[in-house]
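start09.cif (mmCIF, C-alpha atoms and all ligand atoms)
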```
data_entry
#
loop_
_atom_site.label_atom_id
_atom_site.label_comp_id
_atom_site.auth_asym_id
_atom_site.auth_seq_id
_atom_site.Cartn_x
_atom_site.Cartn_y
_atom_site.Cartn_z
CA MET A 1183 121.25 92.36 154.76
CA THR A 1184 123.13 95.63 154.92
CA ASN A 1185 126.40 95.91 153.06
CA CYS A 1186 128.83 95.64 155.95
CA LYS A 1187 132.31 94.19 155.37
CA PHE A 1188 133.47 90.97 157.01
CA ILE A 1189 136.40 88.53 156.89
CA ASP A 1190 136.32 84.76 156.38
CA THR A 1191 139.10 83.54 158.69
CA HIS A 1192 138.98 79.87 157.62
CA CYS A 1193 138.21 78.74 154.08
CA HIS A 1194 139.70 75.83 152.09
CA LEU A 1195 139.42 77.81 148.86
CA ASP A 1196 142.40 75.92 147.42
CA GLY A 1197 140.36 72.67 147.52
CA GLU A 1198 139.40 70.83 144.36
CA GLU A 1199 135.73 71.53 145.20
CA PHE A 1200 136.46 75.04 143.91
CA SER A 1201 138.67 74.25 140.94
CA ALA A 1202 135.90 74.71 138.37
CA ASP A 1203 134.67 78.12 139.54
CA ARG A 1204 137.13 79.63 142.05
CA GLU A 1205 137.06 83.04 140.35
CA ALA A 1206 133.26 83.16 140.55
CA VAL A 1207 133.34 82.11 144.22
CA VAL A 1208 135.72 84.98 145.00
CA GLN A 1209 133.59 87.36 142.95
CA ARG A 1210 130.48 86.38 144.95
CA ALA A 1211 132.41 86.76 148.19
CA ARG A 1212 133.45 90.30 147.25
CA GLN A 1213 129.89 91.18 146.26
CA ALA A 1214 128.54 89.84 149.56
CA GLY A 1215 130.93 92.09 151.51
CA CYS A 1216 133.73 89.65 152.28
CA SER A 1217 136.89 91.78 152.34
CA ALA A 1218 139.47 89.03 152.88
CA ILE A 1219 139.72 85.23 153.01
CA PHE A 1220 142.26 83.30 155.10
CA LEU A 1221 143.24 79.85 153.77
CA PRO A 1222 144.46 77.08 156.10
CA ALA A 1223 146.74 74.32 154.86
CA ILE A 1224 146.34 70.78 156.17
CA ASP A 1225 149.52 69.08 154.92
CA LEU A 1226 152.61 69.71 152.80
CA VAL A 1227 150.76 69.50 149.46
CA THR A 1228 148.09 71.97 150.54
CA CYS A 1229 150.74 74.35 151.93
CA HIS A 1230 151.65 74.82 148.28
CA THR A 1231 148.09 74.90 146.89
CA VAL A 1232 147.18 77.47 149.56
CA LEU A 1233 150.19 79.62 148.63
CA ASP A 1234 149.37 79.29 144.91
CA THR A 1235 145.73 80.26 145.45
CA CYS A 1236 146.76 83.27 147.54
CA ARG A 1237 149.11 84.40 144.76
CA GLN A 1238 146.12 84.27 142.39
CA PHE A 1239 144.17 86.69 144.60
CA PRO A 1240 146.83 89.01 146.08
CA GLY A 1241 145.65 91.31 148.83
CA TYR A 1242 142.46 89.26 149.18
CA CYS A 1243 143.48 85.69 150.07
CA PHE A 1244 146.06 85.06 152.80
CA PRO A 1245 147.82 81.78 153.64
CA MET A 1246 148.11 79.90 156.93
CA LEU A 1247 150.56 76.98 156.99
CA GLY A 1248 150.65 73.89 159.18
CA LEU A 1249 150.03 70.16 159.56
CA HIS A 1250 146.42 69.26 160.45
CA PRO A 1251 146.05 66.63 163.20
CA GLU A 1252 144.18 64.21 160.92
CA GLU A 1253 147.15 64.37 158.52
CA VAL A 1254 149.69 63.49 161.20
CA ARG A 1255 151.16 60.02 160.55
CA SER A 1256 154.35 58.18 161.38
CA ASP A 1257 156.28 60.41 158.93
CA TRP A 1258 155.42 63.65 160.75
CA ARG A 1259 159.04 64.29 161.72
CA ASP A 1260 160.00 64.44 158.02
CA ILE A 1261 157.03 66.61 157.04
CA LEU A 1262 157.25 69.33 159.70
CA PRO A 1263 160.67 70.74 158.72
CA GLN A 1264 159.46 71.05 155.12
CA ILE A 1265 156.47 73.10 156.29
CA LYS A 1266 158.62 75.12 158.69
CA ALA A 1267 160.88 76.07 155.78
CA LEU A 1268 157.91 77.92 154.22
CA LEU A 1269 157.49 80.16 157.29
CA PRO A 1270 159.28 83.47 157.70
CA PRO A 1271 162.56 83.36 159.68
CA LYS A 1272 162.23 84.15 163.36
CA SER A 1273 164.16 87.39 163.02
CA ILE A 1274 161.10 89.03 161.48
CA GLU A 1275 159.60 91.02 164.34
CA ALA A 1276 156.02 91.62 163.28
CA PRO A 1277 155.11 89.47 160.29
CA SER A 1278 151.89 90.32 158.56
CA GLY A 1279 150.35 88.84 155.47
CA ALA A 1280 148.95 92.21 154.51
CA VAL A 1281 152.34 93.85 154.61
CA GLY A 1282 154.51 90.96 153.52
CA GLY A 1283 152.56 90.10 150.40
CA ALA A 1284 150.39 87.23 149.29
CA ALA A 1285 152.95 84.51 149.98
CA CYS A 1286 153.70 85.66 153.53
CA PRO A 1287 151.88 83.38 155.98
CA LEU A 1288 149.43 85.02 158.35
CA ALA A 1289 149.23 82.18 160.89
CA ILE A 1290 150.27 78.62 161.77
CA GLY A 1291 147.37 76.42 160.75
CA GLU A 1292 145.44 74.50 160.81
CA VAL A 1293 147.05 72.59 163.66
CA GLY A 1294 145.70 70.86 166.74
CA LEU A 1295 144.34 67.54 167.95
CA ASP A 1296 141.57 65.31 166.61
CA PHE A 1297 140.69 62.09 168.39
CA TYR A 1298 137.21 61.85 166.85
CA TRP A 1299 137.83 59.10 164.30
CA SER A 1300 140.96 57.49 165.63
CA ARG A 1301 143.60 57.62 168.33
CA GLU A 1302 146.03 55.64 166.20
CA PHE A 1303 148.46 58.56 165.95
CA ALA A 1304 147.45 60.29 169.18
CA GLN A 1305 151.01 60.42 170.48
CA GLU A 1306 152.31 61.74 167.17
CA GLN A 1307 149.48 64.32 167.09
CA LEU A 1308 150.43 65.58 170.55
CA LEU A 1309 154.10 65.94 169.59
CA ALA A 1310 153.41 67.52 166.19
CA PHE A 1311 150.96 69.99 167.70
CA GLU A 1312 153.35 71.00 170.46
CA GLU A 1313 156.14 71.58 167.97
CA GLN A 1314 153.88 73.82 165.87
CA VAL A 1315 152.81 75.71 168.99
CA ARG A 1316 156.51 76.42 169.53
CA TRP A 1317 156.69 77.78 165.95
CA SER A 1318 154.01 80.27 166.93
CA VAL A 1319 156.10 81.42 169.89
CA GLU A 1320 159.17 81.70 167.65
CA THR A 1321 157.65 83.39 164.61
CA ARG A 1322 155.00 85.44 166.49
CA LEU A 1323 152.43 84.11 164.00
CA PRO A 1324 149.08 83.29 165.67
CA LEU A 1325 147.69 79.73 165.77
CA MET A 1326 144.64 78.51 163.84
CA ILE A 1327 143.62 75.59 166.05
CA HIS A 1328 141.48 72.59 165.09
CA CYS A 1329 140.37 70.51 168.06
CA ARG A 1330 137.89 67.65 168.21
CA LYS A 1331 137.36 65.32 171.16
CA ALA A 1332 140.64 66.48 172.64
CA GLN A 1333 140.04 69.76 174.45
CA ASN A 1334 141.72 68.68 177.71
CA GLU A 1335 144.88 67.60 175.93
CA MET A 1336 144.89 70.68 173.68
CA VAL A 1337 144.37 73.09 176.59
CA ALA A 1338 147.18 71.40 178.56
CA ILE A 1339 149.63 72.11 175.72
CA ILE A 1340 148.47 75.70 175.18
CA LYS A 1341 148.76 76.35 178.92
CA ARG A 1342 152.43 75.43 178.85
CA TYR A 1343 153.17 78.17 176.29
CA ALA A 1344 150.33 80.61 177.03
CA LYS A 1345 152.38 83.50 178.32
CA ASP A 1346 154.66 83.43 175.26
CA LEU A 1347 152.02 82.85 172.58
CA PRO A 1348 150.89 85.74 170.35
CA GLY A 1349 147.29 84.41 170.24
CA GLY A 1350 145.08 82.61 167.80
CA VAL A 1351 141.70 81.14 166.91
CA PHE A 1352 139.96 78.07 168.31
CA HIS A 1353 138.37 77.30 164.99
CA CYS A 1354 134.84 75.84 164.53
CA PHE A 1355 133.83 76.22 168.17
CA THR A 1356 130.75 74.09 168.93
CA GLY A 1357 131.14 73.49 172.68
CA ASN A 1358 129.21 74.36 175.80
CA GLU A 1359 129.62 77.24 178.28
CA HIS A 1360 132.21 75.40 180.33
CA GLU A 1361 134.31 74.64 177.25
CA ALA A 1362 134.00 78.23 176.02
CA ALA A 1363 135.12 79.58 179.38
CA GLU A 1364 138.08 77.23 179.44
CA LEU A 1365 139.23 78.46 176.00
CA LEU A 1366 138.62 82.14 176.79
CA GLN A 1367 141.04 81.98 179.73
CA PHE A 1368 143.70 82.46 177.03
CA ASP A 1369 143.09 86.13 176.58
CA ARG A 1370 144.82 86.57 173.21
CA PHE A 1371 142.67 83.83 171.66
CA VAL A 1372 139.20 84.01 170.10
CA LEU A 1373 136.58 81.48 168.97
CA GLY A 1374 135.87 80.86 165.26
CA ILE A 1375 132.12 80.75 164.54
CA GLY A 1376 130.55 79.50 161.31
CA GLY A 1377 127.57 77.67 159.85
CA VAL A 1378 127.01 75.41 162.87
CA LEU A 1379 125.51 78.44 164.65
CA THR A 1380 122.57 78.33 162.24
CA PHE A 1381 121.80 74.60 162.58
CA LYS A 1382 118.43 73.84 164.13
CA LYS A 1383 119.79 71.82 167.03
CA SER A 1384 122.72 74.10 167.74
CA HIS A 1385 122.95 75.40 171.30
CA LEU A 1386 125.42 78.12 170.21
CA PRO A 1387 122.75 80.87 169.93
CA GLU A 1388 122.25 80.50 173.71
CA VAL A 1389 125.77 79.53 174.77
CA LEU A 1390 127.63 82.34 172.99
CA PRO A 1391 125.75 85.41 174.30
CA ALA A 1392 125.74 83.86 177.78
CA CYS A 1393 129.50 83.56 178.12
CA VAL A 1394 131.39 84.84 175.07
CA PRO A 1395 131.74 88.61 174.66
CA LEU A 1396 131.50 89.81 171.06
CA ASP A 1397 135.14 90.88 171.20
CA ARG A 1398 136.17 87.20 171.46
CA LEU A 1399 134.63 85.91 168.18
CA VAL A 1400 135.73 85.78 164.57
CA LEU A 1401 133.75 84.61 161.54
CA GLU A 1402 134.63 81.62 159.37
CA THR A 1403 133.11 79.25 156.83
CA ASP A 1404 135.36 76.17 156.92
CA ALA A 1405 134.21 75.99 153.28
CA PRO A 1406 133.50 73.78 151.41
CA TYR A 1407 132.13 72.27 154.65
CA MET A 1408 129.58 73.53 157.19
CA ALA A 1409 127.24 75.53 154.94
CA PRO A 1410 124.76 77.51 157.04
CA VAL A 1411 120.98 77.12 157.02
CA PRO A 1412 119.22 77.59 154.57
CA LEU A 1413 122.01 76.17 152.40
CA ARG A 1414 122.98 73.35 154.74
CA GLY A 1415 124.38 70.33 152.89
CA GLN A 1416 125.49 72.37 149.90
CA ARG A 1417 129.05 73.40 149.15
CA ASN A 1418 129.85 76.29 151.47
CA GLU A 1419 131.55 79.50 150.32
CA SER A 1420 132.61 82.79 151.87
CA ALA A 1421 129.57 84.74 150.64
CA TYR A 1422 127.34 82.57 152.87
CA ILE A 1423 128.84 84.07 156.04
CA ARG A 1424 126.09 86.65 155.82
CA TYR A 1425 123.67 84.03 157.19
CA VAL A 1426 125.97 83.55 160.18
CA ILE A 1427 126.16 87.31 160.72
CA THR A 1428 122.37 87.58 160.69
CA ARG A 1429 122.03 84.78 163.25
CA LEU A 1430 124.79 86.19 165.48
CA ALA A 1431 123.18 89.64 165.45
CA GLU A 1432 119.85 88.07 166.51
CA ALA A 1433 121.49 86.00 169.25
CA TYR A 1434 123.40 88.96 170.72
CA GLY A 1435 120.63 91.49 170.14
CA VAL A 1436 122.89 93.82 168.18
CA SER A 1437 122.93 95.03 164.59
CA GLU A 1438 124.66 93.19 161.76
CA GLU A 1439 126.97 96.21 161.44
CA ASP A 1440 127.99 95.74 165.07
CA VAL A 1441 128.81 92.06 164.41
CA CYS A 1442 130.92 93.01 161.38
CA ARG A 1443 132.70 95.91 163.06
CA GLN A 1444 133.54 93.92 166.18
CA THR A 1445 134.64 90.73 164.44
CA ASN A 1446 136.80 92.76 162.01
CA ALA A 1447 138.48 94.45 164.97
CA ASN A 1448 139.07 91.01 166.53
CA VAL A 1449 140.67 89.74 163.33
CA ALA A 1450 142.93 92.80 163.17
CA ARG A 1451 143.99 92.26 166.79
CA VAL A 1452 144.62 88.52 166.60
CA PHE A 1453 146.30 88.45 163.18
CA GLY A 1454 148.18 91.73 163.65
CA LEU A 1455 146.81 93.24 160.44
ZN ZN B 1 139.47 73.63 158.22
#
```
Output the file's structure as structure tokens, nothing else.
Amino acid sequence: MTNCKFIDTHCHLDGEEFSADREAVVQRARQAGCSAIFLPAIDLVTCHTVLDTCRQFPGYCFPMLGLHPEEVRSDWRDILPQIKALLPPKSIEAPSGAVGGAACPLAIGEVGLDFYWSREFAQEQLLAFEEQVRWSVETRLPLMIHCRKAQNEMVAIIKRYAKDLPGGVFHCFTGNEHEAAELLQFDRFVLGIGGVLTFKKSHLPEVLPACVPLDRLVLETDAPYMAPVPLRGQRNESAYIRYVITRLAEAYGVSEEDVCRQTNANVARVFGL
């Protein structure tokens, strides 16, 4: 593929899956054309591992801080203030990870709702998500949203704050045309697209061009998960986004350069870079 530049907007590079060869993974990402990697936290511990990893790769890795729905338990009211304390104060008008340095969070994330495995903490998830949505309004940091088997509930919360929200990403979108349209009604939000697009049974190559304009997509890996075909099942890494770019270009009937240029512009818009 041509040497166009792209951004991985969702990569768990701080994970222990990368502890043996993180430098090499970043080196391969750079060589493949990846110009920046955004790291989502999932709990208080990973807020710190994400910040540490971003300090190791300043100007290349950027942190996003939040409490993931699957990590929400009965102690969520104690955890959230500790995460909030890591965010910039609300007086900062236009925070930006690129300007503020490696430790300055770029977004609130990943946050959301996940009722796939269990509804045990459904009520807590709803409350914790809504509080973090309010952080986005306050800090003007965009949201990196994880949502599984809970779109109705998630959309209901976003609707309540939509006119005050700076925007964000509905990460790992795998839905149908109706679900895409429902998410795109929030005009400062975009869909995060990764390896699932390349899976044999994925309907995304038809769904996306039919109802999602290219200016409403960003690229992501969700590494170490969701490796694209032909590497499906292996540990994913940012360099592999090139397979997603190739498939997106085919699906939309545009060049790979067009995919890179447009998704980079979308990242710049949503994250205020
Ligand atoms: Zn994730």
Hey, could you make a per-residue contact list for chain A against ligand ZN 1 (chain B) with 8 Å as the cut-off, showing the nearest pair of atoms and its distance in Å to one decimal, counting all atoms listed in the file, sorted by chain and number, as CSV?
```
residue,atom,partner,partner_atom,distance
A:His1192,CA,B:ZN1,ZN,6.3
A:Cys1193,CA,B:ZN1,ZN,6.7
A:His1194,CA,B:ZN1,ZN,6.5
A:Pro1222,CA,B:ZN1,ZN,6.4
A:Ile1224,CA,B:ZN1,ZN,7.7
A:Glu1292,CA,B:ZN1,ZN,6.6
A:His1328,CA,B:ZN1,ZN,7.2
A:His1353,CA,B:ZN1,ZN,7.8
A:Asp1404,CA,B:ZN1,ZN,5.0
A:Ala1405,CA,B:ZN1,ZN,7.6
```
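For the pair atom CA of Asp1397 of chain A and atom CA of Gln1444 of chain A, the interatomic distance is 6.1 Å.
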Taking 3 positions as the minimum chain separation for residues in the same chain, which residues sit within 12 Å of Ile1375 of chain A when counting only C-alpha atoms? Answer as a count of residues only. 40
Report the distance between atom CA of Phe1200 of chain A and atom CA of Glu1419 of chain A in Å, rounded to one decimal place.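 Distance reported for this atom pair: 9.2 Å.
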Which residue, A:Val1254, A:Leu1268, A:Leu1323, A:Leu1413, has the smallest gap to Leu1309 of chain A when you use all atoms listed in the file?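 Of A:Val1254, A:Leu1268, A:Leu1323, A:Leu1413, the one nearest Leu1309 of chain A, counting all atoms listed in the file, is A:Val1254.
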Could you state the separation of atom CA of Ile1261 of chain A and atom CA of Leu1365 of chain A in Å, given to one decimal place?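 Computed distance, atom CA of Ile1261 of chain A to atom CA of Leu1365 of chain A, equals 28.6 Å.
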Could you name the residues that touch Gly1291 of chain A at 12 Å or less, counting all atoms listed in the file, but leaving out those on the same chain fewer than 3 positions away, as a count of residues only? 45
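Of the residues listed (A:Leu1366, A:Ala1433, A:Leu1347, A:Cys1243), A:Cys1243 shows the shortest atom-to-atom separation from Glu1205 of chain A; distances use only C-alpha atoms.
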Between A:Ala1211, A:Ile1219, A:Ala1338, A:Leu1262, which one has atoms that come closest to Asp1196 of chain A, using only C-alpha atoms?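 Nearest to Asp1196 of chain A: A:Ile1219.
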Name all residues at most 12 Å from Ser1256 of chain A (count only C-alpha atoms; drop same-chain ones fewer than 6 positions away) and give them as a PDB file with C-alpha atoms, keeping the file's coordinate frame.
```pdb
ATOM      1  CA  LEU A1262     157.250  69.330 159.700  1.00  0.00           C
ATOM      2  CA  GLU A1302     146.030  55.640 166.200  1.00  0.00           C
ATOM      3  CA  PHE A1303     148.460  58.560 165.950  1.00  0.00           C
ATOM      4  CA  ALA A1304     147.450  60.290 169.180  1.00  0.00           C
ATOM      5  CA  GLN A1305     151.010  60.420 170.480  1.00  0.00           C
ATOM      6  CA  GLU A1306     152.310  61.740 167.170  1.00  0.00           C
ATOM      7  CA  GLN A1307     149.480  64.320 167.090  1.00  0.00           C
ATOM      8  CA  LEU A1309     154.100  65.940 169.590  1.00  0.00           C
ATOM      9  CA  ALA A1310     153.410  67.520 166.190  1.00  0.00           C
TER      10      ALA A1310
END
```
Contacts of Val1337 of chain A within 9 Å, all atoms listed in the file, excl. fewer than 4 positions in-chain, as a count of residues only: 6
Got a sec: who's within 9 Å of Glu1335 of chain A, counting all atoms listed in the file, leaving out chain neighbours fewer than 4 positions off, as a PyMOL selection string? chain A and resi 1295+1308+1339-1340
Counting all atoms listed in the file, figure out which residue out of A:Phe1188, A:Trp1258, A:Tyr1298, A:Tyr1422 gets nearest to Val1207 of chain A. A:Tyr1422
Given all atoms listed in the file as the basis, pick out the residue of A:Leu1373, A:Ala1267, A:Cys1286, A:Ala1431 nearest to Arg1237 of chain A.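 Looking only at the distances to Arg1237 of chain A, the closest residue turns out to be A:Cys1286.
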Nearest candidate to Pro1240 of chain A (options A:Cys1393, A:Val1208, A:Val1227, A:Ala1363; using all atoms listed in the file):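 When distances to Pro1240 of chain A are compared using all atoms listed in the file, the smallest one comes from A:Val1208.
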So that I can look at just that part, could you write segment 1371-1407 of chain A with C-alpha atoms, as a PDB file, in the first residue's frame?
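Saved file part.pdb follows:
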```pdb
ATOM      1  CA  PHE A1371     -19.648  12.299  16.724  1.00  0.00           C
ATOM      2  CA  VAL A1372     -18.010   9.764  14.407  1.00  0.00           C
ATOM      3  CA  LEU A1373     -17.836   5.964  14.211  1.00  0.00           C
ATOM      4  CA  GLY A1374     -14.611   4.073  15.040  1.00  0.00           C
ATOM      5  CA  ILE A1375     -13.845   1.368  12.450  1.00  0.00           C
ATOM      6  CA  GLY A1376     -11.278  -1.405  12.867  1.00  0.00           C
ATOM      7  CA  GLY A1377     -10.514  -5.031  12.085  1.00  0.00           C
ATOM      8  CA  VAL A1378     -14.146  -6.202  12.161  1.00  0.00           C
ATOM      9  CA  LEU A1379     -14.588  -4.531   8.755  1.00  0.00           C
ATOM     10  CA  THR A1380     -12.289  -7.164   7.235  1.00  0.00           C
ATOM     11  CA  PHE A1381     -13.995 -10.224   8.757  1.00  0.00           C
ATOM     12  CA  LYS A1382     -15.589 -12.540   6.214  1.00  0.00           C
ATOM     13  CA  LYS A1383     -19.084 -12.326   7.655  1.00  0.00           C
ATOM     14  CA  SER A1384     -18.989  -8.606   8.345  1.00  0.00           C
ATOM     15  CA  HIS A1385     -21.790  -6.582   6.783  1.00  0.00           C
ATOM     16  CA  LEU A1386     -19.844  -3.334   7.362  1.00  0.00           C
ATOM     17  CA  PRO A1387     -18.443  -3.173   3.780  1.00  0.00           C
ATOM     18  CA  GLU A1388     -22.060  -2.755   2.591  1.00  0.00           C
ATOM     19  CA  VAL A1389     -23.533  -0.881   5.559  1.00  0.00           C
ATOM     20  CA  LEU A1390     -20.891   1.848   5.797  1.00  0.00           C
ATOM     21  CA  PRO A1391     -20.867   3.168   2.203  1.00  0.00           C
ATOM     22  CA  ALA A1392     -24.671   2.993   2.161  1.00  0.00           C
ATOM     23  CA  CYS A1393     -25.235   5.301   5.103  1.00  0.00           C
ATOM     24  CA  VAL A1394     -22.008   6.625   6.624  1.00  0.00           C
ATOM     25  CA  PRO A1395     -20.206   9.438   4.777  1.00  0.00           C
ATOM     26  CA  LEU A1396     -16.415   9.172   4.872  1.00  0.00           C
ATOM     27  CA  ASP A1397     -16.271  12.328   6.969  1.00  0.00           C
ATOM     28  CA  ARG A1398     -17.944  10.446   9.848  1.00  0.00           C
ATOM     29  CA  LEU A1399     -15.349   7.648  10.325  1.00  0.00           C
ATOM     30  CA  VAL A1400     -12.105   7.306  12.230  1.00  0.00           C
ATOM     31  CA  LEU A1401      -9.674   4.374  12.230  1.00  0.00           C
ATOM     32  CA  GLU A1402      -8.831   2.236  15.252  1.00  0.00           C
ATOM     33  CA  THR A1403      -7.327  -1.114  16.185  1.00  0.00           C
ATOM     34  CA  ASP A1404      -8.664  -1.832  19.684  1.00  0.00           C
ATOM     35  CA  ALA A1405      -5.325  -3.678  19.905  1.00  0.00           C
ATOM     36  CA  PRO A1406      -4.406  -6.216  21.180  1.00  0.00           C
ATOM     37  CA  TYR A1407      -7.928  -7.314  20.142  1.00  0.00           C
TER      38      TYR A1407
END
```
